[in-house]
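Pasting target.txt here (compact mmCIF, C-alpha atoms and all ligand atoms):
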# COMPACT_ATOMS: atom_id res chain seq x y z
CA MET Z 26 78.25 -8.43 6.75
CA ASP Z 27 79.56 -5.20 5.44
CA LEU Z 28 77.35 -2.40 4.23
CA LYS Z 29 77.69 -3.37 0.58
CA GLU Z 30 76.61 -6.93 1.16
CA ARG Z 31 73.64 -5.84 3.21
CA ILE Z 32 72.54 -3.49 0.45
CA GLU Z 33 72.72 -6.31 -2.07
CA THR Z 34 70.75 -8.67 0.16
CA LEU Z 35 68.09 -6.01 0.59
CA LEU Z 36 67.93 -5.38 -3.18
CA ALA Z 37 67.38 -9.07 -3.77
CA GLN Z 38 64.67 -9.16 -1.11
CA ILE Z 39 62.90 -6.16 -2.61
CA ASP Z 40 62.77 -7.77 -6.05
CA GLU Z 41 61.09 -10.81 -4.56
CA LEU Z 42 58.41 -8.91 -2.63
CA LYS Z 43 54.74 -9.87 -3.09
CA ALA Z 44 51.57 -8.60 -1.46
CA SER Z 45 47.94 -9.67 -1.81
CA CYS Z 46 46.24 -6.68 -0.26
CA ALA Z 47 46.78 -3.04 0.69
CA SER Z 48 47.50 -3.79 4.35
CA GLU Z 49 50.30 -6.19 3.39
CA VAL Z 50 51.86 -3.49 1.24
CA GLU Z 51 51.73 -1.14 4.20
CA GLU Z 52 53.50 -3.73 6.37
CA ILE Z 53 56.24 -4.01 3.76
CA ARG Z 54 56.63 -0.24 3.61
CA ILE Z 55 57.07 -0.08 7.38
CA ARG Z 56 59.54 -2.97 7.34
CA PHE Z 57 61.83 -1.24 4.83
CA LEU Z 58 61.15 2.48 4.90
CA GLY Z 59 59.46 3.03 8.28
CA LYS Z 60 61.24 4.89 11.10
CA LYS Z 61 62.97 1.69 12.19
CA GLY Z 62 62.90 0.13 8.73
CA SER Z 63 66.00 -1.63 7.42
CA ILE Z 64 66.69 0.97 4.71
CA THR Z 65 66.18 3.85 7.10
CA GLN Z 66 68.66 2.21 9.40
CA LEU Z 67 71.25 2.01 6.62
CA PHE Z 68 70.93 5.74 6.17
CA GLU Z 69 71.72 6.13 9.89
CA GLU Z 70 74.83 3.97 9.51
CA PHE Z 71 75.83 5.90 6.40
CA LYS Z 72 76.75 8.78 8.72
CA THR Z 73 79.66 6.69 10.00
CA VAL Z 74 81.03 5.82 6.55
CA LEU Z 75 84.48 7.19 5.78
CA PRO Z 76 84.39 10.44 3.81
CA GLU Z 77 86.14 8.98 0.77
CA GLN Z 78 83.53 6.18 0.54
CA LYS Z 79 80.51 8.45 1.02
CA ARG Z 80 80.02 9.20 -2.65
CA GLU Z 81 79.97 5.56 -3.74
CA PHE Z 82 77.73 4.37 -0.88
CA GLY Z 83 75.49 7.35 -1.09
CA GLN Z 84 74.64 6.52 -4.68
CA VAL Z 85 73.97 2.86 -3.97
CA LEU Z 86 71.88 3.68 -0.94
CA ASN Z 87 69.76 6.16 -2.87
CA GLN Z 88 69.25 3.59 -5.61
CA LEU Z 89 68.16 1.09 -2.99
CA LYS Z 90 65.64 3.53 -1.55
CA ASN Z 91 64.29 4.38 -4.99
CA ARG Z 92 63.95 0.70 -5.92
CA ALA Z 93 62.10 0.02 -2.68
CA THR Z 94 59.74 2.99 -3.19
CA GLU Z 95 59.02 2.00 -6.79
CA LYS Z 96 58.38 -1.60 -5.84
CA ILE Z 97 56.05 -0.62 -3.00
CA ASN Z 98 54.11 1.73 -5.26
CA ALA Z 99 53.74 -0.99 -7.86
CA LEU Z 100 52.51 -3.44 -5.21
CA LYS Z 101 50.03 -0.85 -3.94
CA GLU Z 102 48.57 -0.37 -7.38
CA GLU Z 103 48.31 -4.10 -7.94
CA ALA Z 104 46.57 -4.62 -4.61
CA GLY Z 105 44.10 -1.85 -5.46
CA GLU Z 106 43.29 -3.39 -8.84
CA GLU Z 107 42.99 -6.80 -7.27
CA GLN Z 108 40.53 -5.47 -4.75
CA GLN Z 109 38.45 -3.80 -7.46
CA LYS Z 110 38.44 -6.98 -9.46
CA THR Z 111 37.07 -8.98 -6.53
CA VAL Z 112 34.29 -6.43 -6.03
CA VAL Z 113 33.19 -6.85 -9.63
CA GLU Z 114 33.44 -10.59 -9.59
CA ASP Z 115 32.04 -11.47 -6.17
CA HIS Z 116 28.63 -12.86 -7.04
CA THR Z 117 27.83 -13.45 -3.41
CA LEU Z 118 27.69 -9.72 -2.65
CA PRO Z 119 24.17 -8.36 -2.18
CA GLY Z 120 22.76 -6.57 -5.22
CA ASP Z 121 22.75 -2.81 -5.56
CA PHE Z 122 19.65 -1.30 -4.00
CA PHE Z 123 17.73 0.98 -6.26
CA PRO Z 124 14.37 2.30 -5.14
CA ILE Z 125 11.30 1.35 -7.14
CA GLY Z 126 8.06 3.28 -6.92
CA SER Z 127 4.96 2.12 -5.14
CA ARG Z 128 1.47 1.72 -6.55
CA HIS Z 129 -0.86 4.66 -6.09
CA PRO Z 130 -3.61 4.14 -3.48
CA ILE Z 131 -6.23 4.76 -6.21
CA SER Z 132 -4.72 2.00 -8.38
CA LEU Z 133 -4.55 -0.35 -5.40
CA THR Z 134 -8.18 0.30 -4.45
CA ARG Z 135 -9.38 0.09 -8.05
CA ALA Z 136 -7.67 -3.29 -8.44
CA GLU Z 137 -9.17 -4.56 -5.21
CA ILE Z 138 -12.71 -3.50 -6.13
CA LEU Z 139 -12.44 -5.10 -9.57
CA GLN Z 140 -10.99 -8.25 -8.05
CA ILE Z 141 -13.90 -8.59 -5.62
CA PHE Z 142 -16.50 -8.24 -8.38
CA SER Z 143 -14.59 -10.57 -10.69
CA ARG Z 144 -15.16 -13.26 -8.05
CA LEU Z 145 -18.89 -12.70 -8.57
CA GLY Z 146 -18.50 -13.19 -12.32
CA TYR Z 147 -18.32 -9.55 -13.41
CA SER Z 148 -16.05 -8.60 -16.28
CA VAL Z 149 -14.30 -5.26 -16.65
CA LEU Z 150 -15.37 -2.82 -19.35
CA GLU Z 151 -13.89 0.59 -20.08
CA GLY Z 152 -15.11 3.38 -22.32
CA PRO Z 153 -14.31 6.91 -23.54
CA GLU Z 154 -13.76 9.80 -21.14
CA ILE Z 155 -14.97 12.29 -23.75
CA GLU Z 156 -18.59 11.43 -24.37
CA ASP Z 157 -21.79 12.74 -25.93
CA ASP Z 158 -24.91 13.91 -24.16
CA TRP Z 159 -26.83 10.75 -25.05
CA HIS Z 160 -24.48 8.29 -23.31
CA VAL Z 161 -23.99 10.39 -20.18
CA PHE Z 162 -27.50 11.80 -19.76
CA GLY Z 163 -30.06 11.11 -22.54
CA ALA Z 164 -30.10 7.32 -22.42
CA LEU Z 165 -30.02 7.45 -18.62
CA ASN Z 166 -33.40 9.13 -18.30
CA PHE Z 167 -32.09 12.58 -17.34
CA PRO Z 168 -34.82 15.09 -18.22
CA PRO Z 169 -33.63 17.97 -20.46
CA GLU Z 170 -33.78 20.46 -17.59
CA HIS Z 171 -31.83 18.30 -15.11
CA PRO Z 172 -29.20 20.36 -13.23
CA ALA Z 173 -26.40 17.89 -14.06
CA ARG Z 174 -26.81 19.03 -17.67
CA ASP Z 175 -25.89 22.52 -16.58
CA MET Z 176 -22.53 24.20 -17.20
CA GLN Z 177 -22.20 24.55 -13.44
CA ASP Z 178 -21.89 20.79 -13.02
CA THR Z 179 -20.50 19.43 -16.27
CA PHE Z 180 -17.52 20.31 -18.48
CA PHE Z 181 -18.79 20.72 -22.03
CA VAL Z 182 -16.46 20.45 -25.01
CA SER Z 183 -19.02 21.55 -27.62
CA SER Z 184 -22.60 22.76 -27.68
CA GLY Z 185 -25.53 21.67 -29.83
CA GLU Z 186 -28.09 18.90 -29.76
CA ASN Z 187 -25.79 15.98 -29.01
CA ARG Z 188 -23.04 18.05 -27.49
CA VAL Z 189 -19.68 16.63 -26.49
CA LEU Z 190 -18.67 16.63 -22.84
CA LEU Z 191 -16.41 15.04 -20.25
CA ARG Z 192 -18.32 12.16 -18.68
CA THR Z 193 -19.58 12.86 -15.17
CA HIS Z 194 -19.95 9.16 -14.32
CA THR Z 195 -18.99 5.84 -15.88
CA SER Z 196 -22.68 4.96 -16.30
CA SER Z 197 -21.99 6.02 -19.90
CA VAL Z 198 -19.96 2.82 -20.33
CA GLN Z 199 -22.96 0.84 -19.11
CA VAL Z 200 -25.12 2.50 -21.75
CA ARG Z 201 -22.59 1.49 -24.39
CA ALA Z 202 -22.62 -2.06 -23.02
CA MET Z 203 -26.43 -2.30 -23.09
CA GLU Z 204 -26.51 -0.95 -26.64
CA SER Z 205 -24.01 -3.49 -27.92
CA MET Z 206 -24.37 -6.60 -25.74
CA LYS Z 207 -27.17 -9.06 -25.18
CA PRO Z 208 -28.19 -10.01 -21.62
CA PRO Z 209 -27.04 -11.52 -19.39
CA ILE Z 210 -24.73 -8.57 -18.83
CA ARG Z 211 -22.51 -8.47 -15.77
CA ILE Z 212 -19.91 -5.71 -15.92
CA VAL Z 213 -17.89 -3.33 -13.77
CA CYS Z 214 -16.75 -0.05 -15.35
CA PRO Z 215 -13.76 1.69 -13.77
CA GLY Z 216 -12.57 5.07 -14.95
CA ARG Z 217 -11.90 8.74 -14.56
CA VAL Z 218 -14.84 11.11 -14.33
CA PHE Z 219 -15.11 14.90 -14.39
CA ARG Z 220 -17.36 17.34 -12.58
CA ASN Z 221 -17.29 21.09 -12.55
CA GLU Z 222 -16.65 21.49 -8.84
CA ALA Z 223 -14.39 23.67 -6.76
CA ILE Z 224 -11.45 21.69 -5.39
CA SER Z 225 -11.49 21.12 -1.64
CA ALA Z 226 -10.62 18.42 0.89
CA ARG Z 227 -13.89 16.66 0.04
CA ALA Z 228 -14.43 17.42 -3.66
CA HIS Z 229 -12.33 17.39 -6.81
CA CYS Z 230 -13.11 18.11 -10.44
CA ILE Z 231 -11.49 14.83 -11.46
CA PHE Z 232 -12.02 11.58 -9.62
CA HIS Z 233 -12.43 7.87 -10.24
CA GLN Z 234 -15.42 5.59 -10.17
CA VAL Z 235 -16.27 1.95 -10.44
CA GLU Z 236 -19.83 1.39 -11.56
CA GLY Z 237 -21.48 -2.00 -11.93
CA LEU Z 238 -24.38 -3.37 -13.94
CA TYR Z 239 -26.14 -6.71 -13.85
CA ILE Z 240 -28.95 -7.47 -16.28
CA ASP Z 241 -30.69 -10.81 -16.66
CA LYS Z 242 -34.08 -12.45 -16.32
CA GLY Z 243 -35.49 -12.10 -12.82
CA VAL Z 244 -32.82 -9.91 -11.23
CA SER Z 245 -34.23 -8.49 -8.00
CA PHE Z 246 -33.47 -5.88 -5.37
CA ALA Z 247 -32.51 -8.74 -3.02
CA ASP Z 248 -29.75 -9.72 -5.49
CA LEU Z 249 -28.50 -6.13 -5.43
CA LYS Z 250 -28.42 -6.04 -1.65
CA GLN Z 251 -26.64 -9.37 -1.35
CA SER Z 252 -23.99 -8.45 -3.96
CA ILE Z 253 -23.25 -5.18 -2.19
CA LEU Z 254 -23.06 -6.91 1.19
CA PHE Z 255 -20.55 -9.36 -0.29
CA PHE Z 256 -18.50 -6.45 -1.61
CA ALA Z 257 -18.60 -4.59 1.73
CA ARG Z 258 -17.44 -7.64 3.66
CA GLU Z 259 -14.59 -8.34 1.24
CA MET Z 260 -13.50 -4.71 1.22
CA PHE Z 261 -13.97 -3.66 4.86
CA GLY Z 262 -13.85 -6.93 6.79
CA GLU Z 263 -16.04 -9.89 7.60
CA ASP Z 264 -18.19 -8.14 10.16
CA ALA Z 265 -19.05 -5.17 7.93
CA LYS Z 266 -22.77 -4.40 7.78
CA ILE Z 267 -24.65 -2.37 5.19
CA ARG Z 268 -27.79 -0.30 5.23
CA LEU Z 269 -29.76 1.10 2.32
CA ARG Z 270 -31.42 4.49 2.47
CA PRO Z 271 -34.05 5.50 -0.10
CA SER Z 272 -32.64 7.92 -2.66
CA PHE Z 273 -33.20 9.15 -6.18
CA PHE Z 274 -31.30 8.78 -9.47
CA PRO Z 275 -32.93 9.37 -12.86
CA PHE Z 276 -31.66 5.99 -14.13
CA THR Z 277 -32.70 3.70 -11.25
CA GLU Z 278 -36.05 2.99 -9.63
CA PRO Z 279 -36.13 2.31 -6.76
CA SER Z 280 -32.81 3.93 -5.82
CA ALA Z 281 -30.75 3.73 -2.67
CA GLU Z 282 -27.75 5.25 -1.02
CA VAL Z 283 -25.59 2.53 0.56
CA ASP Z 284 -23.84 2.95 3.92
CA VAL Z 285 -21.31 0.58 5.45
CA SER Z 286 -20.82 0.24 9.21
CA CYS Z 287 -17.89 2.40 10.30
CA ASN Z 288 -14.77 0.23 10.24
CA ILE Z 289 -12.98 2.52 12.71
CA CYS Z 290 -15.39 2.42 15.66
CA LYS Z 291 -17.24 -0.74 14.52
CA GLY Z 292 -20.51 1.18 14.50
CA LYS Z 293 -20.21 2.76 17.96
CA GLY Z 294 -19.78 6.27 16.61
CA CYS Z 295 -16.51 8.23 16.14
CA ASN Z 296 -15.32 11.40 14.44
CA VAL Z 297 -14.79 9.62 11.08
CA CYS Z 298 -18.46 8.59 10.90
CA LYS Z 299 -19.47 11.77 12.75
CA GLY Z 300 -20.96 9.75 15.56
CA THR Z 301 -23.45 7.91 13.33
CA GLY Z 302 -21.63 4.56 13.05
CA TRP Z 303 -22.23 4.58 9.26
CA LEU Z 304 -20.26 5.72 6.21
CA GLU Z 305 -21.75 6.32 2.78
CA ILE Z 306 -20.03 4.24 0.10
CA MET Z 307 -22.18 4.20 -3.04
CA GLY Z 308 -25.38 4.81 -4.94
CA ALA Z 309 -27.41 1.91 -6.30
CA GLY Z 310 -30.79 0.83 -7.59
CA MET Z 311 -32.84 -1.20 -10.05
CA VAL Z 312 -32.23 -0.06 -13.62
CA ASP Z 313 -35.20 2.11 -14.66
CA PRO Z 314 -37.27 0.36 -17.38
CA ASN Z 315 -36.97 3.57 -19.45
CA VAL Z 316 -33.18 3.13 -19.51
CA LEU Z 317 -33.45 -0.50 -20.66
CA GLU Z 318 -35.81 0.57 -23.41
CA ALA Z 319 -33.63 3.48 -24.52
CA CYS Z 320 -30.69 1.08 -24.81
CA GLY Z 321 -32.62 -1.52 -26.80
CA ILE Z 322 -33.18 -4.13 -24.07
CA ASP Z 323 -36.64 -5.71 -23.69
CA ASN Z 324 -37.80 -4.43 -20.30
CA THR Z 325 -40.63 -6.92 -20.09
CA THR Z 326 -38.20 -9.87 -20.11
CA TYR Z 327 -35.17 -8.41 -18.38
CA SER Z 328 -34.48 -6.47 -15.24
CA GLY Z 329 -31.24 -5.40 -13.65
CA PHE Z 330 -29.46 -3.47 -10.98
CA ALA Z 331 -26.69 -0.89 -11.08
CA PHE Z 332 -24.38 0.63 -8.52
CA GLY Z 333 -21.65 3.23 -8.57
CA MET Z 334 -18.92 4.25 -6.15
CA GLY Z 335 -16.04 6.72 -5.96
CA ILE Z 336 -12.64 5.01 -5.67
CA GLU Z 337 -11.20 8.00 -3.77
CA ARG Z 338 -13.93 7.65 -1.17
CA ILE Z 339 -13.42 3.90 -0.69
CA ALA Z 340 -9.64 4.46 -0.35
CA MET Z 341 -10.27 7.29 2.13
CA LEU Z 342 -12.33 4.99 4.31
CA LYS Z 343 -9.88 2.13 4.02
CA TRP Z 344 -6.81 4.18 5.01
CA GLN Z 345 -8.42 7.18 6.74
CA ILE Z 346 -7.15 9.66 4.21
CA LYS Z 347 -8.56 13.00 5.25
CA ASP Z 348 -7.96 15.16 2.18
CA LEU Z 349 -8.84 14.26 -1.43
CA ARG Z 350 -6.14 16.54 -2.78
CA LEU Z 351 -3.42 14.23 -1.43
CA TYR Z 352 -4.25 11.78 -4.22
CA PHE Z 353 -3.25 14.26 -6.90
CA GLU Z 354 -0.23 16.01 -5.38
CA ASN Z 355 2.24 13.15 -5.85
CA ASP Z 356 3.96 13.89 -2.56
CA ILE Z 357 6.44 11.05 -2.10
CA ARG Z 358 5.90 11.07 1.67
CA PHE Z 359 2.22 10.27 1.11
CA LEU Z 360 2.75 7.73 -1.68
CA LYS Z 361 5.52 5.86 0.15
CA GLN Z 362 3.06 4.80 2.82
CA PHE Z 363 1.41 2.44 0.35
CA GLU Z 364 4.63 0.60 -0.56
CA THR Z 365 3.61 -2.55 1.25
CA ALA Z 366 -0.14 -2.24 0.72
N1 LIG C 1 -23.94 7.21 -11.61
C1 LIG C 1 -24.10 7.59 -10.25
C2 LIG C 1 -23.12 8.69 -9.89
O1 LIG C 1 -22.27 8.99 -10.65
C3 LIG C 1 -23.87 6.43 -9.30
C4 LIG C 1 -24.91 5.36 -9.46
C5 LIG C 1 -24.70 4.34 -10.33
C6 LIG C 1 -26.06 5.40 -8.74
C7 LIG C 1 -25.63 3.33 -10.48
C8 LIG C 1 -27.00 4.41 -8.88
C9 LIG C 1 -26.79 3.40 -9.75
O2 LIG C 1 -23.20 9.27 -8.84

Can the structure in the file be given as structure tokens, please?
Ligand code: PHE
Amino acid sequence: MDLKERIETLLAQIDELKASCASEVEEIRIRFLGKKGSITQLFEEFKTVLPEQKREFGQVLNQLKNRATEKINALKEEAGEEQQKTVVEDHTLPGDFFPIGSRHPISLTRAEILQIFSRLGYSVLEGPEIEDDWHVFGALNFPPEHPARDMQDTFFVSSGENRVLLRTHTSSVQVRAMESMKPPIRIVCPGRVFRNEAISARAHCIFHQVEGLYIDKGVSFADLKQSILFFAREMFGEDAKIRLRPSFFPFTEPSAEVDVSCNICKGKGCNVCKGTGWLEIMGAGMVDPNVLEACGIDNTTYSGFAFGMGIERIAMLKWQIKDLRLYFENDIRFLKQFETA
């Protein structure tokens, strides 16, 4: 075959070329234009062409090379597009991962507490964070000179007889419930509360509570104890124990501080429970008859119990969180740890 014929054969071959992916295009490029490629070889042979034929062959050869380069570029582009198309259309590929947030430990704990009490027939009731003196203190049997009514402990919004303030506990929601509902009343009141305290690892001026109230005929202290024991076992594990220590609140009589057996050392004594084997989890007591009366409930027919706990504290005990401030800093490294909780 003379040079001319070979060029024509190659031209025909180039027109027919097809490739389905980028690596096939690369193979083609090597076959024609690589160091030992058929077109490259023709250029080698061109050196031996007679001088008078050089012009004519030179032109044809250059055309051949250009055609091959153009064709290869076109194939490359096609293969690229084809590949992109398959990416878009391949429904078997795993989905794009985009991170979603996790629920805050306070929300998780709040939900768990409410869930436990809902199993005992309690319903959830919420109320205003900005309250008046009556609902936070007056109706709850706080004497006028009680220190909680002092600027040192409470954030006041306005002064005067029934001054406006930020609630210091969600007992105010219970007052609203007693004023508007008829017994039996069985409610849990979650919410944000505010106290004028310096911020430290153990105290914050904003925190969260769940308080509970049960009013009916013949409600006794034994009912209170049993309900709290149920809660402690659900929250901290089946072998959790509770103990009640005598305490005082203006709105309950008798009153108690409730401890749960330390879930870290199982009551043996460790640095979390400071060697005592017990951790304080809430305040509780029988609703003072004065409170029932102030809220319009007949205290000769009805009795009830109330309890209140800090959500931050329960979460601290559950996950051994050492510093209250972590709840409010929104540090992703802290929050991420609750992704699977
Ligand atoms: N209201 C109390 C507090 O904020 C908690 C409590 C509620 C105590 C009900 C006894 C009974 O600390």

Q: Give me the residues within 7 Å of segment 127-135 of chain Z as a list in words, counting all atoms listed in the file and dropping any in the same chain fewer than 4 places off.
A: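 Selected residues are Leu139, Ile336, Glu337, Ala340, Leu360, Lys361, Phe363 and Glu364 of chain Z.
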
Axis-aligned box for ligand LIG 1 (chain C), 4 Å per side, centre and edges in Å as JSON:
{"center_x": -24.6, "center_y": 6.3, "center_z": -10.2, "size_x": 12.7, "size_y": 13.9, "size_z": 10.9}

Q) If I put a ball of radius 10 Å at (-18.2, -4.5, 0.7) in the file's coordinates, which residues poke into it when counting all atoms listed in the file, written as a list in words? A)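 Output of the proximity query reads Ile138, Ile141, Phe142, Gln251, Ser252, Ile253, Leu254, Phe255, Phe256, Ala257, Arg258, Glu259, Met260, Phe261, Gly262, Glu263, Ala265, Lys266, Ile267, Asp284, Val285, Ile306 and Ile339 of chain Z.
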
Q. Atom CA of Ala164 of chain Z and atom CA of Glu186 of chain Z are how many Å apart?
A.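 Interatomic distance here is 13.9 Å.
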
Q: Mind giving me the straight-line distance from atom CA of Asn296 of chain Z to atom CA of Ala136 of chain Z in Å, one decimal?
A: 28.2 Å

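With all atoms listed in the file as the atoms that count, the set of residues no farther than 8 Å from ligand LIG 1 (chain C) is Thr193, His194, Thr195, Ser196, Gln234, Glu236, Gly237, Leu238, Phe274, Phe276, Thr277, Ser280, Ala281, Glu282, Met307, Gly308, Ala309, Gly310, Met311, Val312, Phe330, Ala331, Phe332, Gly333 and Met334 of chain Z.
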
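Closest approach to Arg268 of chain Z among Z:Glu305, Z:Glu154, Z:Glu95, Z:Asp248: Z:Glu305, based on only C-alpha atoms.
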
(Q) When you count all atoms listed in the file, which of these residues is closest to Thr365 of chain Z: Z:Ser225, Z:Arg338, Z:Ile346, Z:Gly126? (A)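 Smallest distance to Thr365 of chain Z is found for Z:Gly126.
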
Q: Select, from Z:Phe68, Z:Phe359, Z:Phe82, Z:Tyr327, the residue with the minimum atom-to-atom distance to Gly243 of chain Z, counting only C-alpha atoms.
A: Z:Tyr327

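What separates atom CA of Ala228 of chain Z from atom CA of Cys290 of chain Z is a distance of 24.5 Å.
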
Q) Which residues come within 10 Å of segment 54-56 of chain Z, counting all atoms listed in the file, excluding same-chain residues fewer than 4 positions away, as a list in words? A) Ser48, Glu49, Val50, Lys60, Lys61, Gly62, Ser63, Ile64, Thr65, Ala93, Thr94, Lys96, Ile97 and Asn98 of chain Z

**Q.** Shortest interatomic distance to Asp175 of chain Z - which of Z:Met341, Z:Val213, Z:Leu190, Z:Ile240, counting only C-alpha atoms
**A.** Z:Leu190

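Using all atoms listed in the file, the smallest distance between any of Z:Arg31, Z:His233, Z:Lys347, Z:His171 and Pro215 of chain Z comes from Z:His233.
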